[in-house]
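Enquirer: Handing you this structure, nothing more for now.
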Amino acid sequence: MLSAQSAPVVRATLPVVGASLTTITDVFYRRLFEERPELLRHLFNRTNQASGAQREALAGAVAAFAGLLVERPDERPDSVLARIAHKHVSLGVTADQYPLVGRHLLAAVAEVLGDAVTPEVGAAWDEVYWLMANALIAVEARLYAEAGVADGEVWQPMEIAERRQETADAMSLVLRRPDGRPTPAFRPGQYVSVRVELPDGAHQIRQYSLSTAPDHKTWRITVKRERAADGTVPDGEVSSWLHTHAEVGGILDVSLPAGDLVLPEGDTPLLLASAGIGVTPMLSMLDHLALTSSSRPVTVVHADRSPLDHVHRDEQADLVSRLPRADLHLWYEHDAHRSPGTNVFTGRAALDHLDPAPETTAYLCGPLPFMRAVRGELLAKGLRPAALHYEVFGPDLWLAK
């Protein structure tokens, strides 16, 4: 909760700060990397920095947090915090890094807004930052404790037990511990980070969903080779490296599982909606439901470019068939006729023919336009906003829109 003296200052200056946040975060990253260039090489995603996506995500998170502090002063914005905290834990972020970030972020505010940042304004926004930072530090400390590791000690060697080409641009890797011990537990829907050393010596980190249930003795990740659409940013550095170099018997640095998009216990209806590589966390949920002989009603929606681009297509259909109250609905932009079965449609996903029960919990994963469209349709059908959950692969630009 903001102090009595800071709340009116933040409320009054939020429109001005919010309008300049993308510029502020641009200056912030410039200042940060000038002082600590190794952070760009070994922690931050260089592709997202080149595209500006990370800047937009940070701006959106700060604006969302400050807005909630002002609009709902008696509530803690856990929905904003949890997603960020899990991402930080998957990267091994520790509490001692927050003062560095705070110093450069507040200096960037002062540099961009100039004389408008009076001592009173600076103090109020310093309070906003540390409310957010201390809340994140507390959540991250709890997550580290629950995992049984010291803060930041999330990395472990994992051996590649299997490699399988799933589509022309996606392959899966089955991972096991080199010492033969069981892999750490996780919750269906979570992800791990993978850290690789690139040819220039930089260590880059990316997150990949665990695409099977936690009941197995191994982990599986599915990696789509990311390609630049227009040449303005490089191809995915880590995905390209993995497609080229990851072979059976190789060792990868992999984090402990993290992520707050997880399957809830209970018997309420579920709707799992995915597009493209967003199918991977849904596979983990479906696999878990099948292995536990769940009788929950489950509606599965997936959209893709074509059946040949549909990663784990046969596996998804098999898992749905093993659930007595589940049904699968597929949309393909091209060649839908090549996918046998019912409920296969041509075009982009549309939920016109679906009638989810009001108590349904929905999970969305895929490109942002897909998730926004599906979320809007589900809200129009009467689902509660609190029952709609999503996962973004990459910076959470949802908050920036």
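Convention: chains lettered A, B, ... in structure tokens order; per-chain residue numbering from 1; ligands numbered from 1 as shown.
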Can you list every residue of range 277-357 of chain A that has an atom at most 8 Å from range 178-202 of chain A, with its nearest atom pair and the distance in Å to one decimal, using only C-alpha atoms, ordered by chain then number, as JSON lines?
Expert:
```
{"residue": "A:Pro281", "atom": "CA", "partner": "A:Gly189", "partner_atom": "CA", "distance": 4.4}
{"residue": "A:Met282", "atom": "CA", "partner": "A:Gly189", "partner_atom": "CA", "distance": 6.6}
{"residue": "A:Ser284", "atom": "CA", "partner": "A:Pro188", "partner_atom": "CA", "distance": 5.2}
{"residue": "A:Met285", "atom": "CA", "partner": "A:Pro188", "partner_atom": "CA", "distance": 5.0}
{"residue": "A:His288", "atom": "CA", "partner": "A:Pro188", "partner_atom": "CA", "distance": 6.8}
```
Enquirer: Quick one: everything within 7 Å of range 241-247 of chain A, counting only C-alpha atoms, minus sequence neighbours fewer than 2 positions away in the same chain. Send it as an mmCIF file with N, CA, C and O atoms, in the first residue's frame.
Expert:
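To be explicit, this is the file written out as result.cif:
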```cif
data_model
loop_
_atom_site.group_PDB
_atom_site.id
_atom_site.type_symbol
_atom_site.label_atom_id
_atom_site.label_comp_id
_atom_site.auth_asym_id
_atom_site.auth_seq_id
_atom_site.Cartn_x
_atom_site.Cartn_y
_atom_site.Cartn_z
ATOM 1 N N ILE A 160 20.587 -35.100 -22.508
ATOM 2 C CA ILE A 160 19.591 -35.336 -23.557
ATOM 3 C C ILE A 160 19.495 -36.841 -23.789
ATOM 4 O O ILE A 160 20.447 -37.469 -24.259
ATOM 5 N N ARG A 163 16.052 -37.280 -28.858
ATOM 6 C CA ARG A 163 15.742 -36.137 -29.708
ATOM 7 C C ARG A 163 14.825 -36.624 -30.824
ATOM 8 O O ARG A 163 15.100 -37.645 -31.455
ATOM 9 N N ARG A 225 12.082 -23.738 -33.816
ATOM 10 C CA ARG A 225 13.136 -22.842 -34.320
ATOM 11 C C ARG A 225 12.507 -21.501 -34.661
ATOM 12 O O ARG A 225 11.648 -21.409 -35.547
ATOM 13 N N GLU A 237 18.255 -17.084 -31.108
ATOM 14 C CA GLU A 237 19.624 -17.541 -30.887
ATOM 15 C C GLU A 237 19.658 -18.905 -30.207
ATOM 16 O O GLU A 237 20.423 -19.794 -30.609
ATOM 17 N N VAL A 238 18.861 -19.086 -29.179
ATOM 18 C CA VAL A 238 18.912 -20.340 -28.431
ATOM 19 C C VAL A 238 18.225 -21.459 -29.193
ATOM 20 O O VAL A 238 18.739 -22.577 -29.271
ATOM 21 N N SER A 239 17.051 -21.177 -29.769
ATOM 22 C CA SER A 239 16.361 -22.232 -30.511
ATOM 23 C C SER A 239 17.200 -22.700 -31.699
ATOM 24 O O SER A 239 17.283 -23.905 -31.978
ATOM 25 N N GLY A 249 22.892 -37.544 -25.605
ATOM 26 C CA GLY A 249 24.126 -37.662 -24.837
ATOM 27 C C GLY A 249 24.713 -36.331 -24.431
ATOM 28 O O GLY A 249 25.578 -36.281 -23.544
ATOM 29 N N GLY A 250 24.274 -35.238 -25.067
ATOM 30 C CA GLY A 250 24.758 -33.918 -24.705
ATOM 31 C C GLY A 250 24.193 -33.455 -23.373
ATOM 32 O O GLY A 250 23.171 -33.960 -22.895
#
```
Enquirer: Considering only C-alpha atoms, give me a table of residues in range 206-263 of chain A that are at most 12 Å from range 90-112 of chain A, with the closest atom pair and distance in Å for each, as a tab-separated table.
Expert:
```
residue	atom	partner	partner_atom	distance
A:Arg206	CA	A:Leu91	CA	8.9
A:Gln207	CA	A:Ser90	CA	7.9
A:Tyr208	CA	A:Ser90	CA	10.6
A:Ser209	CA	A:Ser90	CA	11.7
A:Asp253	CA	A:Leu91	CA	11.4
A:Val254	CA	A:Ser90	CA	9.1
A:Ser255	CA	A:Ser90	CA	5.9
A:Leu256	CA	A:Ser90	CA	6.7
A:Pro257	CA	A:Ser90	CA	7.0
A:Ala258	CA	A:Ser90	CA	5.8
A:Gly259	CA	A:Ser90	CA	8.2
A:Asp260	CA	A:Ser90	CA	11.6
```
Enquirer: Would you write out those residues with N, CA, C and O atoms, as a PDB file, in the first residue's frame?
Expert:
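And here is the file that came out, again31.pdb:
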```pdb
ATOM      1  N   ARG A 206      16.526 -19.190 -22.438  1.00  0.00           N
ATOM      2  CA  ARG A 206      15.146 -19.168 -22.926  1.00  0.00           C
ATOM      3  C   ARG A 206      14.327 -20.161 -22.105  1.00  0.00           C
ATOM      4  O   ARG A 206      14.845 -21.145 -21.584  1.00  0.00           O
ATOM      5  N   GLN A 207      13.019 -19.914 -22.063  1.00  0.00           N
ATOM      6  CA  GLN A 207      12.106 -20.783 -21.330  1.00  0.00           C
ATOM      7  C   GLN A 207      11.358 -21.697 -22.303  1.00  0.00           C
ATOM      8  O   GLN A 207      10.949 -21.262 -23.383  1.00  0.00           O
ATOM      9  N   TYR A 208      11.183 -22.955 -21.882  1.00  0.00           N
ATOM     10  CA  TYR A 208      10.433 -23.936 -22.673  1.00  0.00           C
ATOM     11  C   TYR A 208       9.501 -24.705 -21.749  1.00  0.00           C
ATOM     12  O   TYR A 208       9.911 -25.180 -20.679  1.00  0.00           O
ATOM     13  N   SER A 209       8.249 -24.836 -22.170  1.00  0.00           N
ATOM     14  CA  SER A 209       7.280 -25.582 -21.371  1.00  0.00           C
ATOM     15  C   SER A 209       7.674 -27.047 -21.292  1.00  0.00           C
ATOM     16  O   SER A 209       8.191 -27.627 -22.248  1.00  0.00           O
ATOM     17  N   ASP A 253      22.429 -26.966 -19.513  1.00  0.00           N
ATOM     18  CA  ASP A 253      22.127 -26.298 -18.243  1.00  0.00           C
ATOM     19  C   ASP A 253      20.638 -25.985 -18.234  1.00  0.00           C
ATOM     20  O   ASP A 253      20.150 -25.238 -19.093  1.00  0.00           O
ATOM     21  N   VAL A 254      19.922 -26.535 -17.260  1.00  0.00           N
ATOM     22  CA  VAL A 254      18.469 -26.386 -17.199  1.00  0.00           C
ATOM     23  C   VAL A 254      18.081 -25.950 -15.789  1.00  0.00           C
ATOM     24  O   VAL A 254      18.653 -26.436 -14.803  1.00  0.00           O
ATOM     25  N   SER A 255      17.115 -25.046 -15.702  1.00  0.00           N
ATOM     26  CA  SER A 255      16.681 -24.565 -14.396  1.00  0.00           C
ATOM     27  C   SER A 255      15.673 -25.503 -13.766  1.00  0.00           C
ATOM     28  O   SER A 255      15.142 -26.424 -14.406  1.00  0.00           O
ATOM     29  N   LEU A 256      15.378 -25.273 -12.512  1.00  0.00           N
ATOM     30  CA  LEU A 256      14.254 -25.930 -11.877  1.00  0.00           C
ATOM     31  C   LEU A 256      12.949 -25.426 -12.505  1.00  0.00           C
ATOM     32  O   LEU A 256      12.910 -24.327 -13.068  1.00  0.00           O
ATOM     33  N   PRO A 257      11.874 -26.188 -12.433  1.00  0.00           N
ATOM     34  CA  PRO A 257      10.613 -25.752 -13.031  1.00  0.00           C
ATOM     35  C   PRO A 257      10.057 -24.505 -12.352  1.00  0.00           C
ATOM     36  O   PRO A 257      10.242 -24.275 -11.155  1.00  0.00           O
ATOM     37  N   ALA A 258       9.359 -23.699 -13.140  1.00  0.00           N
ATOM     38  CA  ALA A 258       8.713 -22.485 -12.641  1.00  0.00           C
ATOM     39  C   ALA A 258       7.470 -22.243 -13.499  1.00  0.00           C
ATOM     40  O   ALA A 258       7.233 -22.932 -14.485  1.00  0.00           O
ATOM     41  N   GLY A 259       6.700 -21.244 -13.116  1.00  0.00           N
ATOM     42  CA  GLY A 259       5.520 -20.870 -13.889  1.00  0.00           C
ATOM     43  C   GLY A 259       4.247 -20.977 -13.082  1.00  0.00           C
ATOM     44  O   GLY A 259       4.072 -21.905 -12.288  1.00  0.00           O
ATOM     45  N   ASP A 260       3.360 -20.003 -13.270  1.00  0.00           N
ATOM     46  CA  ASP A 260       2.116 -19.963 -12.499  1.00  0.00           C
ATOM     47  C   ASP A 260       0.892 -20.385 -13.305  1.00  0.00           C
ATOM     48  O   ASP A 260      -0.227 -20.350 -12.787  1.00  0.00           O
TER      49      ASP A 260
END
```
Enquirer: Per residue of range 258-331 of chain A within 10 Å of range 164-174 of chain A, note the shortest atom pair and the distance in Å to one decimal, counting only C-alpha atoms, and order the rows by chain and increasing residue number, as CSV.
Expert:
```
residue,atom,partner,partner_atom,distance
A:Ile277,CA,A:Ala170,CA,8.4
A:Pro307,CA,A:Thr167,CA,9.8
A:Leu308,CA,A:Thr167,CA,6.7
A:Asp309,CA,A:Thr167,CA,6.0
A:His310,CA,A:Thr167,CA,7.4
A:Val311,CA,A:Glu166,CA,6.0
A:His312,CA,A:Glu166,CA,6.6
A:Arg313,CA,A:Glu166,CA,9.1
```
Enquirer: To one decimal place, how far is CA of Asp352 in chain A from CA of Ala290 in chain A in Å?
Expert: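 That distance, rounded to one decimal, is 27.3 Å.
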Enquirer: As a ChimeraX atom specification, which residues of range 262-372 of chain A does DSSP assign to helix (DSSP H, G or I)?
Expert: /A:276-291,307-309,313-321,336-338,368-372
Enquirer: Work out how far apart CA of Arg348 in chain A and CA of Ala380 in chain A are and give it in Å to one decimal.
Expert: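 Distance between the two atoms: 18.0 Å.
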Enquirer: Pull the strand (DSSP E or B) assignments for range 103-205 of chain A out of DSSP run on the backbone, and list those residues as a compact mmCIF listing (two decimals) with N, CA, C and O atoms, in the first residue's frame.
Expert:
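What follows is the written file selection.txt:
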```txt
# COMPACT_ATOMS: atom_id res chain seq x y z
N TRP A 155 20.18 -23.86 -11.30
CA TRP A 155 20.72 -24.52 -12.49
C TRP A 155 21.23 -25.91 -12.17
O TRP A 155 21.82 -26.14 -11.11
N GLN A 156 21.02 -26.83 -13.10
CA GLN A 156 21.47 -28.20 -12.95
C GLN A 156 21.77 -28.77 -14.33
O GLN A 156 21.15 -28.38 -15.32
N PRO A 157 22.74 -29.69 -14.42
CA PRO A 157 23.00 -30.33 -15.72
C PRO A 157 21.94 -31.38 -16.01
O PRO A 157 21.55 -32.15 -15.14
N MET A 158 21.46 -31.39 -17.24
CA MET A 158 20.50 -32.41 -17.68
C MET A 158 21.02 -33.02 -18.98
O MET A 158 21.47 -32.31 -19.89
N GLU A 159 20.94 -34.34 -19.06
CA GLU A 159 21.41 -35.06 -20.24
C GLU A 159 20.27 -35.25 -21.23
O GLU A 159 19.13 -35.53 -20.84
N ILE A 160 20.59 -35.10 -22.51
CA ILE A 160 19.59 -35.34 -23.56
C ILE A 160 19.50 -36.84 -23.79
O ILE A 160 20.45 -37.47 -24.26
N ALA A 161 18.34 -37.40 -23.44
CA ALA A 161 18.14 -38.84 -23.58
C ALA A 161 17.56 -39.20 -24.95
O ALA A 161 17.84 -40.28 -25.48
N GLU A 162 16.75 -38.32 -25.51
CA GLU A 162 16.14 -38.55 -26.81
C GLU A 162 15.99 -37.22 -27.54
O GLU A 162 15.82 -36.18 -26.91
N ARG A 163 16.05 -37.28 -28.86
CA ARG A 163 15.74 -36.14 -29.71
C ARG A 163 14.83 -36.62 -30.82
O ARG A 163 15.10 -37.65 -31.46
N ARG A 164 13.75 -35.89 -31.05
CA ARG A 164 12.80 -36.30 -32.09
C ARG A 164 12.34 -35.08 -32.87
O ARG A 164 11.98 -34.06 -32.28
N GLN A 165 12.39 -35.17 -34.18
CA GLN A 165 11.88 -34.11 -35.03
C GLN A 165 10.36 -34.23 -35.09
O GLN A 165 9.82 -35.23 -35.54
N GLU A 166 9.65 -33.20 -34.62
CA GLU A 166 8.20 -33.26 -34.55
C GLU A 166 7.53 -32.68 -35.79
O GLU A 166 6.56 -33.23 -36.31
N THR A 167 8.03 -31.54 -36.27
CA THR A 167 7.58 -30.93 -37.52
C THR A 167 8.82 -30.38 -38.21
O THR A 167 9.94 -30.54 -37.72
N ALA A 170 10.15 -27.82 -35.56
CA ALA A 170 10.05 -28.08 -34.12
C ALA A 170 10.58 -29.47 -33.81
O ALA A 170 10.32 -30.43 -34.53
N MET A 171 11.33 -29.56 -32.73
CA MET A 171 11.83 -30.85 -32.28
C MET A 171 11.69 -30.93 -30.77
O MET A 171 11.65 -29.91 -30.07
N SER A 172 11.60 -32.15 -30.26
CA SER A 172 11.48 -32.35 -28.82
C SER A 172 12.75 -33.00 -28.28
O SER A 172 13.42 -33.77 -28.97
N LEU A 173 13.07 -32.64 -27.03
CA LEU A 173 14.21 -33.21 -26.33
C LEU A 173 13.72 -33.81 -25.02
O LEU A 173 13.06 -33.14 -24.24
N VAL A 174 14.03 -35.08 -24.81
CA VAL A 174 13.75 -35.73 -23.53
C VAL A 174 15.00 -35.59 -22.67
O VAL A 174 16.11 -35.92 -23.10
N LEU A 175 14.82 -35.09 -21.44
CA LEU A 175 15.94 -34.79 -20.56
C LEU A 175 15.89 -35.68 -19.32
O LEU A 175 14.82 -35.96 -18.78
N ARG A 176 17.07 -36.08 -18.87
CA ARG A 176 17.17 -36.86 -17.63
C ARG A 176 18.38 -36.39 -16.85
O ARG A 176 19.30 -35.77 -17.39
N TYR A 191 7.26 -24.53 -16.81
CA TYR A 191 8.34 -24.48 -17.79
C TYR A 191 9.68 -24.55 -17.08
O TYR A 191 9.77 -24.43 -15.85
N VAL A 192 10.72 -24.73 -17.88
CA VAL A 192 12.10 -24.62 -17.39
C VAL A 192 12.85 -23.64 -18.29
O VAL A 192 12.44 -23.39 -19.42
N SER A 193 13.94 -23.12 -17.77
CA SER A 193 14.86 -22.32 -18.58
C SER A 193 16.00 -23.20 -19.06
O SER A 193 16.43 -24.12 -18.35
N VAL A 194 16.49 -22.91 -20.26
CA VAL A 194 17.66 -23.59 -20.81
C VAL A 194 18.70 -22.53 -21.12
O VAL A 194 18.40 -21.52 -21.76
N ARG A 195 19.92 -22.74 -20.64
CA ARG A 195 21.01 -21.78 -20.83
C ARG A 195 22.08 -22.41 -21.71
O ARG A 195 22.59 -23.49 -21.41
N VAL A 196 22.44 -21.72 -22.79
CA VAL A 196 23.46 -22.24 -23.70
C VAL A 196 24.53 -21.19 -23.92
O VAL A 196 24.28 -19.98 -23.79
N GLU A 197 25.72 -21.66 -24.24
CA GLU A 197 26.82 -20.76 -24.61
C GLU A 197 26.88 -20.66 -26.12
O GLU A 197 27.03 -21.66 -26.82
N HIS A 203 26.17 -16.22 -22.85
CA HIS A 203 25.24 -17.23 -22.37
C HIS A 203 23.84 -16.64 -22.47
O HIS A 203 23.55 -15.61 -21.86
N GLN A 204 23.00 -17.30 -23.24
CA GLN A 204 21.63 -16.83 -23.40
C GLN A 204 20.66 -17.88 -22.85
O GLN A 204 20.92 -19.08 -22.90
N ILE A 205 19.54 -17.37 -22.32
CA ILE A 205 18.57 -18.21 -21.60
C ILE A 205 17.20 -18.07 -22.26
O ILE A 205 16.78 -16.95 -22.58
```
Enquirer: Have a look at A:Leu210, A:Ala64, A:Leu379, A:Val301 and name the one nearest to Phe345 in chain A; count only C-alpha atoms.
Expert: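 Closest to Phe345 in chain A, using only C-alpha atoms: A:Val301.
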Enquirer: Restricting the calculation to only C-alpha atoms, which member of A:Leu68, A:Leu136, A:Ala275, A:Ala50 is positioned closest to Met371 in chain A?
Expert: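 Once distances to Met371 in chain A are computed over only C-alpha atoms, the minimum belongs to A:Ala275.
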Enquirer: What are the closest atom pairs, with distances in Å to one decimal, for each residue of range 76-129 of chain A lying within 7 Å of range 4-10 of chain A, using only C-alpha atoms, rows by chain and rising residue number, as JSON lines?
Expert:
```
{"residue": "A:Val121", "atom": "CA", "partner": "A:Val9", "partner_atom": "CA", "distance": 6.4}
{"residue": "A:Ala124", "atom": "CA", "partner": "A:Ser6", "partner_atom": "CA", "distance": 4.7}
{"residue": "A:Trp125", "atom": "CA", "partner": "A:Val10", "partner_atom": "CA", "distance": 6.9}
```
Enquirer: Please write the residues from the selection above to a file, keeping C-alpha atoms, as a PDB file, in the first residue's frame.
Expert:
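Final output, part28.pdb:
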```
ATOM      1  CA  VAL A 121       7.756  12.980  -7.247  1.00  0.00           C
ATOM      2  CA  ALA A 124       6.820   8.709  -4.543  1.00  0.00           C
ATOM      3  CA  TRP A 125       8.024   6.668  -7.528  1.00  0.00           C
TER       4      TRP A 125
END
```
Enquirer: Quick one: residues within 9 Å of range 358-361 of chain A, only C-alpha atoms, excluding same-chain residues fewer than 5 positions away - as a list in words?
Expert: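 Listing them by chain and then by number gives Pro264, Thr268, Pro269, Leu270, Leu271, Leu272, Lys381, Gly382, Leu383, Arg384, Ala386, Ala387, Leu388 and His389 of chain A.
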Enquirer: When you count only C-alpha atoms, which of these residues is closest to Arg72 in chain A: A:His216, A:Arg142, A:Leu330, A:Leu2?
Expert: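 Of A:His216, A:Arg142, A:Leu330, A:Leu2, the one nearest Arg72 in chain A, counting only C-alpha atoms, is A:Leu2.
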Enquirer: Show me, as a VMD selection string, the residues that have an atom within 10 Å of Ala373 in chain A when counting only C-alpha atoms, minus same-chain residues fewer than 3 positions from it.
Expert: chain A and resid 349 to 351 368 to 370 376 to 378
Enquirer: Based on the selection just made, write C-alpha atoms of those residues as a PDB file, in the first residue's frame.
Expert:
```
ATOM      1  CA  ALA A 349     -10.175 -20.326 -34.355  1.00  0.00           C
ATOM      2  CA  ALA A 350     -13.709 -19.252 -33.527  1.00  0.00           C
ATOM      3  CA  LEU A 351     -15.722 -20.548 -30.595  1.00  0.00           C
ATOM      4  CA  LEU A 368      -1.198 -12.618 -28.372  1.00  0.00           C
ATOM      5  CA  PRO A 369      -3.831 -11.932 -31.076  1.00  0.00           C
ATOM      6  CA  PHE A 370      -5.121 -15.506 -30.684  1.00  0.00           C
ATOM      7  CA  GLY A 376     -12.953 -11.978 -25.614  1.00  0.00           C
ATOM      8  CA  GLU A 377     -15.183 -14.771 -26.907  1.00  0.00           C
ATOM      9  CA  LEU A 378     -15.094 -16.600 -23.577  1.00  0.00           C
TER      10      LEU A 378
END
```
Enquirer: So which one's closest to Ser295 in chain A, A:Ala362, A:Gln316, A:Thr218, A:Leu323? Using only C-alpha atoms, please.
Expert: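 Distance minimum relative to Ser295 in chain A lands on A:Leu323.
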Enquirer: What is the distance, in Å and to one decimal place, between CA of Ser51 in chain A and CA of Arg83 in chain A?
Expert: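 CA of Arg83 in chain A lies 21.4 Å from CA of Ser51 in chain A.
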